[in-house]
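J.: Structure: final08.cif, mmCIF, C-alpha atoms.
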data_coords
#
loop_
_atom_site.group_PDB
_atom_site.id
_atom_site.type_symbol
_atom_site.label_atom_id
_atom_site.label_comp_id
_atom_site.auth_asym_id
_atom_site.auth_seq_id
_atom_site.Cartn_x
_atom_site.Cartn_y
_atom_site.Cartn_z
ATOM 1 C CA MET A 1 174.948 124.378 49.124
ATOM 2 C CA ARG A 2 173.465 121.162 47.771
ATOM 3 C CA ALA A 3 169.666 121.196 47.626
ATOM 4 C CA VAL A 4 168.064 118.948 50.213
ATOM 5 C CA ARG A 5 166.116 115.952 48.944
ATOM 6 C CA GLY A 6 164.065 113.361 50.798
ATOM 7 C CA ASN A 7 162.785 109.823 50.516
ATOM 8 C CA VAL A 8 159.001 109.505 50.707
ATOM 9 C CA SER A 9 157.484 106.052 50.985
ATOM 10 C CA GLU A 10 153.744 106.777 50.762
ATOM 11 C CA LEU A 11 151.134 109.531 50.527
ATOM 12 C CA PHE A 12 147.551 108.550 51.302
ATOM 13 C CA VAL A 13 144.386 109.555 53.138
ATOM 14 C CA SER A 14 143.022 107.305 55.857
ATOM 15 C CA PHE A 15 141.668 107.255 59.393
ATOM 16 C CA GLN A 16 144.147 107.749 62.207
ATOM 17 C CA GLY A 17 144.478 104.412 63.950
ATOM 18 C CA GLU A 18 146.163 105.304 67.234
ATOM 19 C CA GLY A 19 146.063 107.702 70.138
ATOM 20 C CA VAL A 20 143.889 110.688 70.989
ATOM 21 C CA HIS A 21 142.827 111.339 67.391
ATOM 22 C CA ALA A 22 141.962 107.744 66.438
ATOM 23 C CA GLY A 23 139.128 107.736 63.938
ATOM 24 C CA ARG A 24 139.878 111.162 62.492
ATOM 25 C CA ARG A 25 140.561 111.408 58.785
ATOM 26 C CA GLN A 26 144.100 112.507 58.047
ATOM 27 C CA LEU A 27 146.540 112.805 55.160
ATOM 28 C CA PHE A 28 149.546 110.596 55.838
ATOM 29 C CA VAL A 29 153.050 111.466 54.678
ATOM 30 C CA ARG A 30 155.214 108.401 55.284
ATOM 31 C CA LEU A 31 158.950 109.028 55.074
ATOM 32 C CA GLY A 32 161.351 106.176 54.341
ATOM 33 C CA GLY A 33 164.142 105.074 56.670
ATOM 34 C CA CYS A 34 164.442 104.285 60.379
ATOM 35 C CA PRO A 35 167.412 103.771 62.741
ATOM 36 C CA LEU A 36 165.467 101.194 64.793
ATOM 37 C CA ARG A 37 164.693 97.558 64.040
ATOM 38 C CA CYS A 38 161.854 96.813 66.452
ATOM 39 C CA ARG A 39 160.769 93.180 66.359
ATOM 40 C CA TYR A 40 157.115 94.164 66.055
ATOM 41 C CA CYS A 41 157.472 96.809 63.311
ATOM 42 C CA ASP A 42 154.298 96.880 61.208
ATOM 43 C CA GLU A 43 155.808 98.998 58.433
ATOM 44 C CA PRO A 44 158.977 97.046 57.513
ATOM 45 C CA GLU A 45 158.925 98.388 53.955
ATOM 46 C CA SER A 46 159.597 101.864 55.392
ATOM 47 C CA LEU A 47 162.686 100.865 57.356
ATOM 48 C CA VAL A 48 164.916 101.750 54.409
ATOM 49 C CA PRO A 49 164.651 104.320 51.599
ATOM 50 C CA VAL A 50 162.538 103.190 48.660
ATOM 51 C CA ALA A 51 162.891 103.814 44.940
ATOM 52 C CA GLU A 52 159.326 105.005 44.425
ATOM 53 C CA CYS A 53 156.633 106.740 46.439
ATOM 54 C CA ARG A 54 153.133 105.241 46.377
ATOM 55 C CA ILE A 55 150.492 107.976 46.087
ATOM 56 C CA LEU A 56 146.975 106.734 46.749
ATOM 57 C CA GLY A 57 144.322 109.298 45.822
ATOM 58 C CA PRO A 58 140.635 109.328 44.850
ATOM 59 C CA ASP A 59 141.562 108.296 41.300
ATOM 60 C CA GLY A 60 143.635 105.310 42.387
ATOM 61 C CA LEU A 61 147.289 104.491 42.852
ATOM 62 C CA ARG A 62 150.178 106.107 41.068
ATOM 63 C CA ARG A 63 153.916 106.096 41.699
ATOM 64 C CA ARG A 64 156.508 108.826 41.680
ATOM 65 C CA PRO A 65 160.274 108.246 41.798
ATOM 66 C CA ASN A 66 162.376 109.310 44.767
ATOM 67 C CA PRO A 67 163.998 111.541 45.883
ATOM 68 C CA PHE A 68 161.629 114.475 46.440
ATOM 69 C CA ALA A 69 162.464 118.153 46.681
ATOM 70 C CA PRO A 70 160.549 119.862 49.529
ATOM 71 C CA ALA A 71 158.502 121.890 47.036
ATOM 72 C CA ALA A 72 157.593 118.752 45.084
ATOM 73 C CA LEU A 73 156.341 117.065 48.249
ATOM 74 C CA ASP A 74 154.332 120.147 49.162
ATOM 75 C CA ALA A 75 152.719 120.171 45.737
ATOM 76 C CA GLU A 76 151.744 116.516 45.999
ATOM 77 C CA VAL A 77 150.372 116.945 49.523
ATOM 78 C CA GLY A 78 148.430 120.047 48.493
ATOM 79 C CA ALA A 79 146.873 118.301 45.505
ATOM 80 C CA LEU A 80 145.895 115.256 47.550
ATOM 81 C CA ALA A 81 144.432 117.411 50.331
ATOM 82 C CA ALA A 82 142.351 119.372 47.808
ATOM 83 C CA ALA A 83 141.069 116.169 46.210
ATOM 84 C CA ALA A 84 140.156 114.375 49.445
ATOM 85 C CA PRO A 85 138.481 116.669 51.995
ATOM 86 C CA PRO A 86 137.578 116.864 54.823
ATOM 87 C CA LEU A 87 140.829 116.346 56.735
ATOM 88 C CA HIS A 88 141.749 116.821 60.372
ATOM 89 C CA ALA A 89 145.557 117.004 60.006
ATOM 90 C CA ILE A 90 148.669 116.069 58.081
ATOM 91 C CA ALA A 91 150.171 113.023 59.830
ATOM 92 C CA VAL A 92 153.919 112.765 59.247
ATOM 93 C CA THR A 93 155.012 109.225 59.966
ATOM 94 C CA GLY A 94 157.539 106.589 58.955
ATOM 95 C CA GLY A 95 159.838 104.866 59.382
ATOM 96 C CA GLU A 96 161.204 107.556 61.624
ATOM 97 C CA PRO A 97 160.529 111.024 60.150
ATOM 98 C CA LEU A 98 163.317 112.645 62.157
ATOM 99 C CA ALA A 99 165.861 110.431 60.416
ATOM 100 C CA GLN A 100 165.423 112.916 57.522
ATOM 101 C CA VAL A 101 165.256 116.056 59.635
ATOM 102 C CA ASP A 102 166.893 118.372 57.061
ATOM 103 C CA PHE A 103 164.280 117.440 54.464
ATOM 104 C CA LEU A 104 161.421 117.482 56.973
ATOM 105 C CA ALA A 105 162.389 120.919 58.294
ATOM 106 C CA ALA A 106 162.713 122.320 54.762
ATOM 107 C CA TRP A 107 159.291 121.009 53.737
ATOM 108 C CA LEU A 108 157.559 122.215 56.916
ATOM 109 C CA ALA A 109 159.102 125.675 56.482
ATOM 110 C CA LEU A 110 157.504 126.221 53.072
ATOM 111 C CA ARG A 111 154.035 124.781 53.782
ATOM 112 C CA THR A 112 151.278 127.286 53.069
ATOM 113 C CA ASP A 113 148.087 125.379 53.959
ATOM 114 C CA THR A 114 146.505 125.630 57.392
ATOM 115 C CA LEU A 115 146.099 121.960 58.274
ATOM 116 C CA PRO A 116 147.904 121.185 61.543
ATOM 117 C CA VAL A 117 150.838 118.786 61.487
ATOM 118 C CA LEU A 118 150.808 115.654 63.628
ATOM 119 C CA LEU A 119 154.308 114.209 63.958
ATOM 120 C CA GLU A 120 154.549 110.500 64.752
ATOM 121 C CA THR A 121 157.983 109.692 66.162
ATOM 122 C CA ALA A 122 159.736 107.109 68.288
ATOM 123 C CA GLY A 123 160.971 109.929 70.520
ATOM 124 C CA ILE A 124 164.642 108.977 70.407
ATOM 125 C CA LEU A 125 166.197 111.978 68.583
ATOM 126 C CA PRO A 126 165.703 115.021 70.838
ATOM 127 C CA VAL A 127 168.123 117.382 69.066
ATOM 128 C CA ARG A 128 166.461 116.725 65.723
ATOM 129 C CA LEU A 129 162.991 116.997 67.255
ATOM 130 C CA ALA A 130 163.797 120.485 68.564
ATOM 131 C CA ARG A 131 164.404 121.692 65.003
ATOM 132 C CA VAL A 132 160.807 121.088 63.882
ATOM 133 C CA LEU A 133 158.656 121.600 66.991
ATOM 134 C CA SER A 134 157.772 125.191 66.110
ATOM 135 C CA ARG A 135 155.952 123.928 63.007
ATOM 136 C CA VAL A 136 154.229 120.930 64.641
ATOM 137 C CA ALA A 137 150.902 121.091 66.479
ATOM 138 C CA ILE A 138 150.638 117.516 67.776
ATOM 139 C CA VAL A 139 153.342 115.012 68.694
ATOM 140 C CA SER A 140 152.623 111.299 68.975
ATOM 141 C CA PHE A 141 155.439 109.529 70.836
ATOM 142 C CA ASP A 142 156.201 105.886 71.486
ATOM 143 C CA VAL A 143 157.747 104.400 74.596
ATOM 144 C CA LYS A 144 160.023 101.638 73.348
ATOM 145 C CA CYS A 145 160.121 98.784 75.888
ATOM 146 C CA PRO A 146 163.297 96.744 75.268
ATOM 147 C CA SER A 147 161.538 93.506 76.195
ATOM 148 C CA ASN A 148 159.402 93.640 73.062
ATOM 149 C CA THR A 149 161.460 95.793 70.687
ATOM 150 C CA GLY A 150 164.686 93.810 70.970
ATOM 151 C CA GLU A 151 166.453 97.196 70.995
ATOM 152 C CA ARG A 152 168.433 98.828 73.795
ATOM 153 C CA ALA A 153 166.627 101.005 76.321
ATOM 154 C CA ARG A 154 165.961 104.616 75.245
ATOM 155 C CA TRP A 155 164.720 106.137 78.521
ATOM 156 C CA ASP A 156 166.976 109.212 78.471
ATOM 157 C CA GLU A 157 166.136 110.009 74.856
ATOM 158 C CA HIS A 158 162.425 109.588 75.557
ATOM 159 C CA GLU A 159 162.600 111.939 78.522
ATOM 160 C CA ALA A 160 164.418 114.652 76.564
ATOM 161 C CA CYS A 161 161.889 114.437 73.720
ATOM 162 C CA PHE A 162 158.869 114.528 76.042
ATOM 163 C CA ARG A 163 160.160 117.587 77.880
ATOM 164 C CA ALA A 164 161.014 119.415 74.650
ATOM 165 C CA ALA A 165 157.560 118.882 73.130
ATOM 166 C CA ALA A 166 155.795 119.846 76.351
ATOM 167 C CA ALA A 167 157.904 122.999 76.656
ATOM 168 C CA ALA A 168 157.099 123.933 73.056
ATOM 169 C CA GLY A 169 153.377 123.886 73.822
ATOM 170 C CA CYS A 170 152.546 121.010 71.481
ATOM 171 C CA GLU A 171 149.666 118.672 72.140
ATOM 172 C CA VAL A 172 151.353 115.441 73.247
ATOM 173 C CA TYR A 173 150.215 111.871 73.659
ATOM 174 C CA VAL A 174 152.291 108.744 74.186
ATOM 175 C CA LYS A 175 151.801 105.164 73.035
ATOM 176 C CA MET A 176 153.403 102.103 74.594
ATOM 177 C CA PRO A 177 153.177 98.979 72.411
ATOM 178 C CA VAL A 178 152.693 95.882 74.580
ATOM 179 C CA ASP A 179 152.486 92.140 74.064
ATOM 180 C CA GLU A 180 152.505 89.024 76.224
ATOM 181 C CA GLY A 181 156.264 89.274 76.749
ATOM 182 C CA THR A 182 156.428 92.950 77.762
ATOM 183 C CA ALA A 183 158.274 93.319 81.069
ATOM 184 C CA PRO A 184 155.991 94.816 83.766
ATOM 185 C CA GLU A 185 158.857 96.807 85.281
ATOM 186 C CA GLU A 186 159.403 98.518 81.924
ATOM 187 C CA VAL A 187 155.740 99.441 81.697
ATOM 188 C CA GLU A 188 155.892 100.956 85.176
ATOM 189 C CA ARG A 189 159.083 102.858 84.373
ATOM 190 C CA GLY A 190 157.675 104.152 81.088
ATOM 191 C CA ALA A 191 154.413 105.249 82.690
ATOM 192 C CA ARG A 192 156.266 107.086 85.440
ATOM 193 C CA LEU A 193 158.453 108.792 82.840
ATOM 194 C CA VAL A 194 155.437 110.029 80.864
ATOM 195 C CA ALA A 195 153.770 111.294 84.053
ATOM 196 C CA ASP A 196 156.902 113.228 85.039
ATOM 197 C CA ALA A 197 158.220 114.500 81.688
ATOM 198 C CA ALA A 198 155.010 114.932 79.655
ATOM 199 C CA ARG A 199 152.633 116.012 82.375
ATOM 200 C CA GLY A 200 149.032 115.934 81.208
ATOM 201 C CA ALA A 201 149.749 113.661 78.230
ATOM 202 C CA PRO A 202 147.605 110.515 78.096
ATOM 203 C CA LEU A 203 149.401 107.183 77.844
ATOM 204 C CA PHE A 204 147.955 104.560 75.492
ATOM 205 C CA LEU A 205 148.815 100.913 75.960
ATOM 206 C CA THR A 206 148.698 99.614 72.392
ATOM 207 C CA PRO A 207 148.200 95.842 72.120
ATOM 208 C CA LEU A 208 150.458 94.470 69.403
ATOM 209 C CA THR A 209 149.033 92.212 66.708
ATOM 210 C CA GLU A 210 150.305 89.275 64.708
ATOM 211 C CA PRO A 211 151.857 90.190 61.339
ATOM 212 C CA ALA A 212 149.257 91.125 58.707
ATOM 213 C CA THR A 213 146.326 90.290 61.016
ATOM 214 C CA PRO A 214 144.282 92.091 63.713
ATOM 215 C CA ARG A 215 144.857 89.150 66.120
ATOM 216 C CA LEU A 216 146.286 90.403 69.416
ATOM 217 C CA THR A 217 149.521 89.047 70.857
ATOM 218 C CA ILE A 218 148.537 89.784 74.455
ATOM 219 C CA SER A 219 145.838 88.221 76.633
ATOM 220 C CA ALA A 220 143.083 90.238 78.269
ATOM 221 C CA GLY A 221 144.430 89.302 81.683
ATOM 222 C CA THR A 222 147.961 90.458 80.942
ATOM 223 C CA LEU A 223 146.663 93.690 79.440
ATOM 224 C CA GLU A 224 144.508 94.323 82.502
ATOM 225 C CA GLY A 225 147.500 93.767 84.755
ATOM 226 C CA LEU A 226 149.733 96.139 82.803
ATOM 227 C CA HIS A 227 147.022 98.790 82.807
ATOM 228 C CA ALA A 228 146.634 98.515 86.576
ATOM 229 C CA LEU A 229 150.399 98.733 87.053
ATOM 230 C CA ALA A 230 150.776 101.807 84.829
ATOM 231 C CA SER A 231 147.753 103.482 86.419
ATOM 232 C CA ARG A 232 149.417 103.451 89.817
ATOM 233 C CA VAL A 233 152.021 105.945 88.561
ATOM 234 C CA HIS A 234 150.213 107.771 85.729
ATOM 235 C CA PRO A 235 146.765 109.379 86.088
ATOM 236 C CA ASP A 236 145.529 108.827 82.517
ATOM 237 C CA VAL A 237 146.286 105.388 81.086
ATOM 238 C CA ARG A 238 144.081 104.040 78.303
ATOM 239 C CA VAL A 239 143.978 100.859 76.229
ATOM 240 C CA LEU A 240 143.411 101.209 72.489
ATOM 241 C CA PRO A 241 144.109 98.671 69.736
ATOM 242 C CA GLN A 242 145.318 99.880 66.371
ATOM 243 C CA LEU A 243 142.080 100.952 64.702
ATOM 244 C CA HIS A 244 143.458 100.667 61.185
ATOM 245 C CA LYS A 245 144.317 97.010 61.821
ATOM 246 C CA VAL A 246 140.753 96.344 63.004
ATOM 247 C CA LEU A 247 139.280 98.125 59.976
ATOM 248 C CA GLY A 248 141.744 96.597 57.502
ATOM 249 C CA ILE A 249 142.816 99.969 56.084
ATOM 250 C CA PRO A 250 146.256 101.582 55.553
#
So, in terms of structure tokens, how does the structure I just supplied come out?

T.:
Amino acid sequence: MRAVRGNVSELFVSFQGEGVHAGRRQLFVRLGGCPLRCRYCDEPESLVPVAECRILGPDGLRRRPNPFAPAALDAEVGALAAAAPPLHAIAVTGGEPLAQVDFLAAWLALRTDTLPVLLETAGILPVRLARVLSRVAIVSFDVKCPSNTGERARWDEHEACFRAAAAAGCEVYVKMPVDEGTAPEEVERGARLVADAARGAPLFLTPLTEPATPRLTISAGTLEGLHALASRVHPDVRVLPQLHKVLGIP
């Protein structure tokens, strides 16, 4: 059998910018490649595999060529974690990490450190998600509203992913990116879906920003209206901008 290899875009330590654990210091493992092309994507360089991985540590930036073997990734993550404590978790992000599920599963299976894994995923690949849930402590999902992604609706895929993570006993929270053009009926449908399929999971309305700036693309009035609408069908709806955009950090 051919050895599995993966494409890693970046390794770095920063503060989590979204969701329940915003503000906590985490080690980010960004995998390259994504099946979606959301109009608002803030990591376009990770939409496709990259030739080199950027590794940002206490001693500065260095680069390592792709692809990675699972053991090579584990060694790099272990060295970075040892050099940059304290850390709350390993945040696996993208791109879409589940696009490389064979590589992700192989790496997670050989990890030996005790830091919990936070998986950031669009929640559109339920069969692949099921393969890694036993090794994931926290799952951060998105609800993809077609009115601002430009993609087709993914309601069924979202529901299957939410139910799988909840059944596996993972900590779950859900983000819904919103802007001035987000359709209110999609916000209501997404909020109802989270309330039904991920019971107990908070829902974060995440105001989108202009490219490369922290300037919001939604007015306070529109955001207030969407929050009120979602709150009628979900008991725990919160508004949180992307902290890393505000702070100007990765």

J.: Smallest atom-to-atom distance to Thr206 in chain A: which of A:Val237, A:Ala164, A:Ala105, A:Ala228, using only C-alpha atoms?

T.: A:Val237

J.: Using all atoms listed in the file, which residue out of A:Thr93, A:Thr222, A:Thr213, A:Thr149 lies closest to Thr121 in chain A?

T.: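 Looking at the shortest contact to Thr121 in chain A, the residue is A:Thr93.
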
J.: Excluding Asp74 in chain A and its own-chain neighbours fewer than 3 positions away, which residues fall within 10 Å of it when counting all atoms listed in the file? Please give them as a list in words.

T.: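 Neighbouring residues, sequence-local ones excluded: Phe68, Ala69, Pro70, Ala71, Val77, Gly78, Ala79, Leu80, Trp107, Leu108, Leu110, Arg111, Thr112 and Asp113 of chain A.
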
J.: Output the selection as a CSV table (one decimal), in the frame of the given file - C-alpha atoms for each residue.

T.:
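Saved the output as part-v4.csv:
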chain,number,residue,atom,x,y,z
A,68,PHE,CA,161.6,114.5,46.4
A,69,ALA,CA,162.5,118.2,46.7
A,70,PRO,CA,160.5,119.9,49.5
A,71,ALA,CA,158.5,121.9,47.0
A,77,VAL,CA,150.4,116.9,49.5
A,78,GLY,CA,148.4,120.0,48.5
A,79,ALA,CA,146.9,118.3,45.5
A,80,LEU,CA,145.9,115.3,47.6
A,107,TRP,CA,159.3,121.0,53.7
A,108,LEU,CA,157.6,122.2,56.9
A,110,LEU,CA,157.5,126.2,53.1
A,111,ARG,CA,154.0,124.8,53.8
A,112,THR,CA,151.3,127.3,53.1
A,113,ASP,CA,148.1,125.4,54.0

J.: Contacts of Val143 in chain A at 9 Å or less, counting only C-alpha atoms, minus same-chain residues fewer than 6 places along, as a ChimeraX atom specification?

T.: /A:122-123,154-155,158,174-177,187,190-191,194

J.: Write out as a list in words which residues come within 7 Å of range 214-218 of chain A when counting only C-alpha atoms, dropping same-chain ones fewer than 6 positions away.

T.: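 So, after excluding close chain neighbours, the residues are Asp179, Glu180, Pro207, Leu208, Lys245 and Val246 of chain A.
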
J.: To one decimal place in Å, what is the distance between CA of Val101 in chain A and CA of Val50 in chain A?

T.: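 Going from CA of Val101 in chain A over to CA of Val50 in chain A, I get 17.1 Å.
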
J.: Counting only C-alpha atoms, which residues in range 88-166 of chain A sit no more than 8 Å from range 31-42 of chain A? For each one, give the nearest pair of atoms and the distance in Å, sorted by chain then residue number, as a tab-separated table.

T.:
residue	atom	partner	partner_atom	distance
A:Val92	CA	A:Leu31	CA	7.5
A:Thr93	CA	A:Leu31	CA	6.3
A:Gly94	CA	A:Leu31	CA	4.8
A:Gly95	CA	A:Cys34	CA	4.7
A:Glu96	CA	A:Cys34	CA	4.8
A:Pro97	CA	A:Leu31	CA	5.7
A:Ala99	CA	A:Cys34	CA	6.3
A:Gln100	CA	A:Leu31	CA	7.9
A:Asn148	CA	A:Arg39	CA	6.9
A:Thr149	CA	A:Cys38	CA	4.4
A:Gly150	CA	A:Arg39	CA	6.1
A:Glu151	CA	A:Cys38	CA	6.5

J.: Compare A:Gly181, A:Cys170, A:Arg63, A:Glu224 by their minimum atom-to-atom distance to Ala198 in chain A, counting only C-alpha atoms, and give me the closest one.

T.: A:Cys170

J.: Range 51-55 of chain A: which residues within 9 Å, counting all atoms listed in the file, same-chain residues fewer than 4 positions away excluded, as a ChimeraX atom specification?

T.: /A:7-12,60-67,76,80

J.: Store the residues of this selection in a file with C-alpha atoms, as a compact mmCIF listing (two decimals), in the frame of the given file.

T.:
# COMPACT_ATOMS: atom_id res chain seq x y z
CA ASN A 7 162.78 109.82 50.52
CA VAL A 8 159.00 109.50 50.71
CA SER A 9 157.48 106.05 50.98
CA GLU A 10 153.74 106.78 50.76
CA LEU A 11 151.13 109.53 50.53
CA PHE A 12 147.55 108.55 51.30
CA GLY A 60 143.64 105.31 42.39
CA LEU A 61 147.29 104.49 42.85
CA ARG A 62 150.18 106.11 41.07
CA ARG A 63 153.92 106.10 41.70
CA ARG A 64 156.51 108.83 41.68
CA PRO A 65 160.27 108.25 41.80
CA ASN A 66 162.38 109.31 44.77
CA PRO A 67 164.00 111.54 45.88
CA GLU A 76 151.74 116.52 46.00
CA LEU A 80 145.90 115.26 47.55

J.: As an exercise, work out the distance from CA of Arg199 in chain A to CA of Val139 in chain A in Å and give it to one decimal place.

T.: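 Those two atoms sit 13.7 Å apart.
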
J.: Will you model N, CA and C atoms for range 136-161 of chain A and pass it back as a PDB file, keeping the file's coordinate frame?

T.:
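Written file, selection-v9.pdb:
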ATOM      1  N   VAL A 136     155.017 122.133  64.366  1.00  0.00           N
ATOM      2  CA  VAL A 136     154.229 120.930  64.641  1.00  0.00           C
ATOM      3  C   VAL A 136     153.203 121.255  65.715  1.00  0.00           C
ATOM      4  N   ALA A 137     151.960 120.834  65.502  1.00  0.00           N
ATOM      5  CA  ALA A 137     150.902 121.091  66.479  1.00  0.00           C
ATOM      6  C   ALA A 137     150.725 119.944  67.459  1.00  0.00           C
ATOM      7  N   ILE A 138     150.902 118.705  66.983  1.00  0.00           N
ATOM      8  CA  ILE A 138     150.638 117.516  67.776  1.00  0.00           C
ATOM      9  C   ILE A 138     151.827 116.575  67.635  1.00  0.00           C
ATOM     10  N   VAL A 139     152.267 115.995  68.755  1.00  0.00           N
ATOM     11  CA  VAL A 139     153.342 115.012  68.694  1.00  0.00           C
ATOM     12  C   VAL A 139     152.851 113.709  69.308  1.00  0.00           C
ATOM     13  N   SER A 140     152.950 112.649  68.532  1.00  0.00           N
ATOM     14  CA  SER A 140     152.623 111.299  68.975  1.00  0.00           C
ATOM     15  C   SER A 140     153.930 110.550  69.203  1.00  0.00           C
ATOM     16  N   PHE A 141     154.206 110.223  70.475  1.00  0.00           N
ATOM     17  CA  PHE A 141     155.439 109.529  70.836  1.00  0.00           C
ATOM     18  C   PHE A 141     155.164 108.050  71.105  1.00  0.00           C
ATOM     19  N   ASP A 142     156.206 107.259  70.988  1.00  0.00           N
ATOM     20  CA  ASP A 142     156.201 105.886  71.486  1.00  0.00           C
ATOM     21  C   ASP A 142     157.122 105.780  72.701  1.00  0.00           C
ATOM     22  N   VAL A 143     156.783 104.869  73.605  1.00  0.00           N
ATOM     23  CA  VAL A 143     157.747 104.400  74.596  1.00  0.00           C
ATOM     24  C   VAL A 143     158.195 103.026  74.126  1.00  0.00           C
ATOM     25  N   LYS A 144     159.480 102.878  73.891  1.00  0.00           N
ATOM     26  CA  LYS A 144     160.023 101.638  73.348  1.00  0.00           C
ATOM     27  C   LYS A 144     160.504 100.737  74.485  1.00  0.00           C
ATOM     28  N   CYS A 145     159.724  99.731  74.841  1.00  0.00           N
ATOM     29  CA  CYS A 145     160.121  98.784  75.888  1.00  0.00           C
ATOM     30  C   CYS A 145     161.097  97.761  75.296  1.00  0.00           C
ATOM     31  N   PRO A 146     162.310  97.667  75.837  1.00  0.00           N
ATOM     32  CA  PRO A 146     163.297  96.744  75.268  1.00  0.00           C
ATOM     33  C   PRO A 146     162.837  95.295  75.218  1.00  0.00           C
ATOM     34  N   SER A 147     161.970  94.899  76.147  1.00  0.00           N
ATOM     35  CA  SER A 147     161.538  93.506  76.195  1.00  0.00           C
ATOM     36  C   SER A 147     160.725  93.097  74.974  1.00  0.00           C
ATOM     37  N   ASN A 148     160.097  94.046  74.283  1.00  0.00           N
ATOM     38  CA  ASN A 148     159.402  93.640  73.062  1.00  0.00           C
ATOM     39  C   ASN A 148     159.949  94.270  71.786  1.00  0.00           C
ATOM     40  N   THR A 149     160.835  95.265  71.903  1.00  0.00           N
ATOM     41  CA  THR A 149     161.460  95.793  70.687  1.00  0.00           C
ATOM     42  C   THR A 149     162.679  94.981  70.260  1.00  0.00           C
ATOM     43  N   GLY A 150     163.398  94.422  71.262  1.00  0.00           N
ATOM     44  CA  GLY A 150     164.686  93.810  70.970  1.00  0.00           C
ATOM     45  C   GLY A 150     165.797  94.824  70.836  1.00  0.00           C
ATOM     46  N   GLU A 151     165.483  96.106  71.060  1.00  0.00           N
ATOM     47  CA  GLU A 151     166.453  97.196  70.995  1.00  0.00           C
ATOM     48  C   GLU A 151     166.938  97.554  72.405  1.00  0.00           C
ATOM     49  N   ARG A 152     167.979  98.361  72.493  1.00  0.00           N
ATOM     50  CA  ARG A 152     168.433  98.828  73.795  1.00  0.00           C
ATOM     51  C   ARG A 152     167.438  99.825  74.367  1.00  0.00           C
ATOM     52  N   ALA A 153     167.515 100.046  75.665  1.00  0.00           N
ATOM     53  CA  ALA A 153     166.627 101.005  76.321  1.00  0.00           C
ATOM     54  C   ALA A 153     166.902 102.426  75.827  1.00  0.00           C
ATOM     55  N   ARG A 154     165.854 103.233  75.730  1.00  0.00           N
ATOM     56  CA  ARG A 154     165.961 104.616  75.245  1.00  0.00           C
ATOM     57  C   ARG A 154     165.329 105.590  76.236  1.00  0.00           C
ATOM     58  N   TRP A 155     165.412 105.324  77.518  1.00  0.00           N
ATOM     59  CA  TRP A 155     164.720 106.137  78.521  1.00  0.00           C
ATOM     60  C   TRP A 155     165.172 107.592  78.507  1.00  0.00           C
ATOM     61  N   ASP A 156     166.473 107.829  78.436  1.00  0.00           N
ATOM     62  CA  ASP A 156     166.976 109.212  78.471  1.00  0.00           C
ATOM     63  C   ASP A 156     166.528 109.991  77.242  1.00  0.00           C
ATOM     64  N   GLU A 157     166.566 109.345  76.082  1.00  0.00           N
ATOM     65  CA  GLU A 157     166.136 110.009  74.856  1.00  0.00           C
ATOM     66  C   GLU A 157     164.642 110.319  74.909  1.00  0.00           C
ATOM     67  N   HIS A 158     163.858 109.349  75.406  1.00  0.00           N
ATOM     68  CA  HIS A 158     162.425 109.588  75.557  1.00  0.00           C
ATOM     69  C   HIS A 158     162.170 110.805  76.448  1.00  0.00           C
ATOM     70  N   GLU A 159     162.831 110.841  77.579  1.00  0.00           N
ATOM     71  CA  GLU A 159     162.600 111.939  78.522  1.00  0.00           C
ATOM     72  C   GLU A 159     162.913 113.289  77.888  1.00  0.00           C
ATOM     73  N   ALA A 160     164.042 113.389  77.193  1.00  0.00           N
ATOM     74  CA  ALA A 160     164.418 114.652  76.564  1.00  0.00           C
ATOM     75  C   ALA A 160     163.389 115.076  75.515  1.00  0.00           C
ATOM     76  N   CYS A 161     162.891 114.116  74.747  1.00  0.00           N
ATOM     77  CA  CYS A 161     161.889 114.437  73.720  1.00  0.00           C
ATOM     78  C   CYS A 161     160.573 114.874  74.346  1.00  0.00           C
TER      79      CYS A 161
END
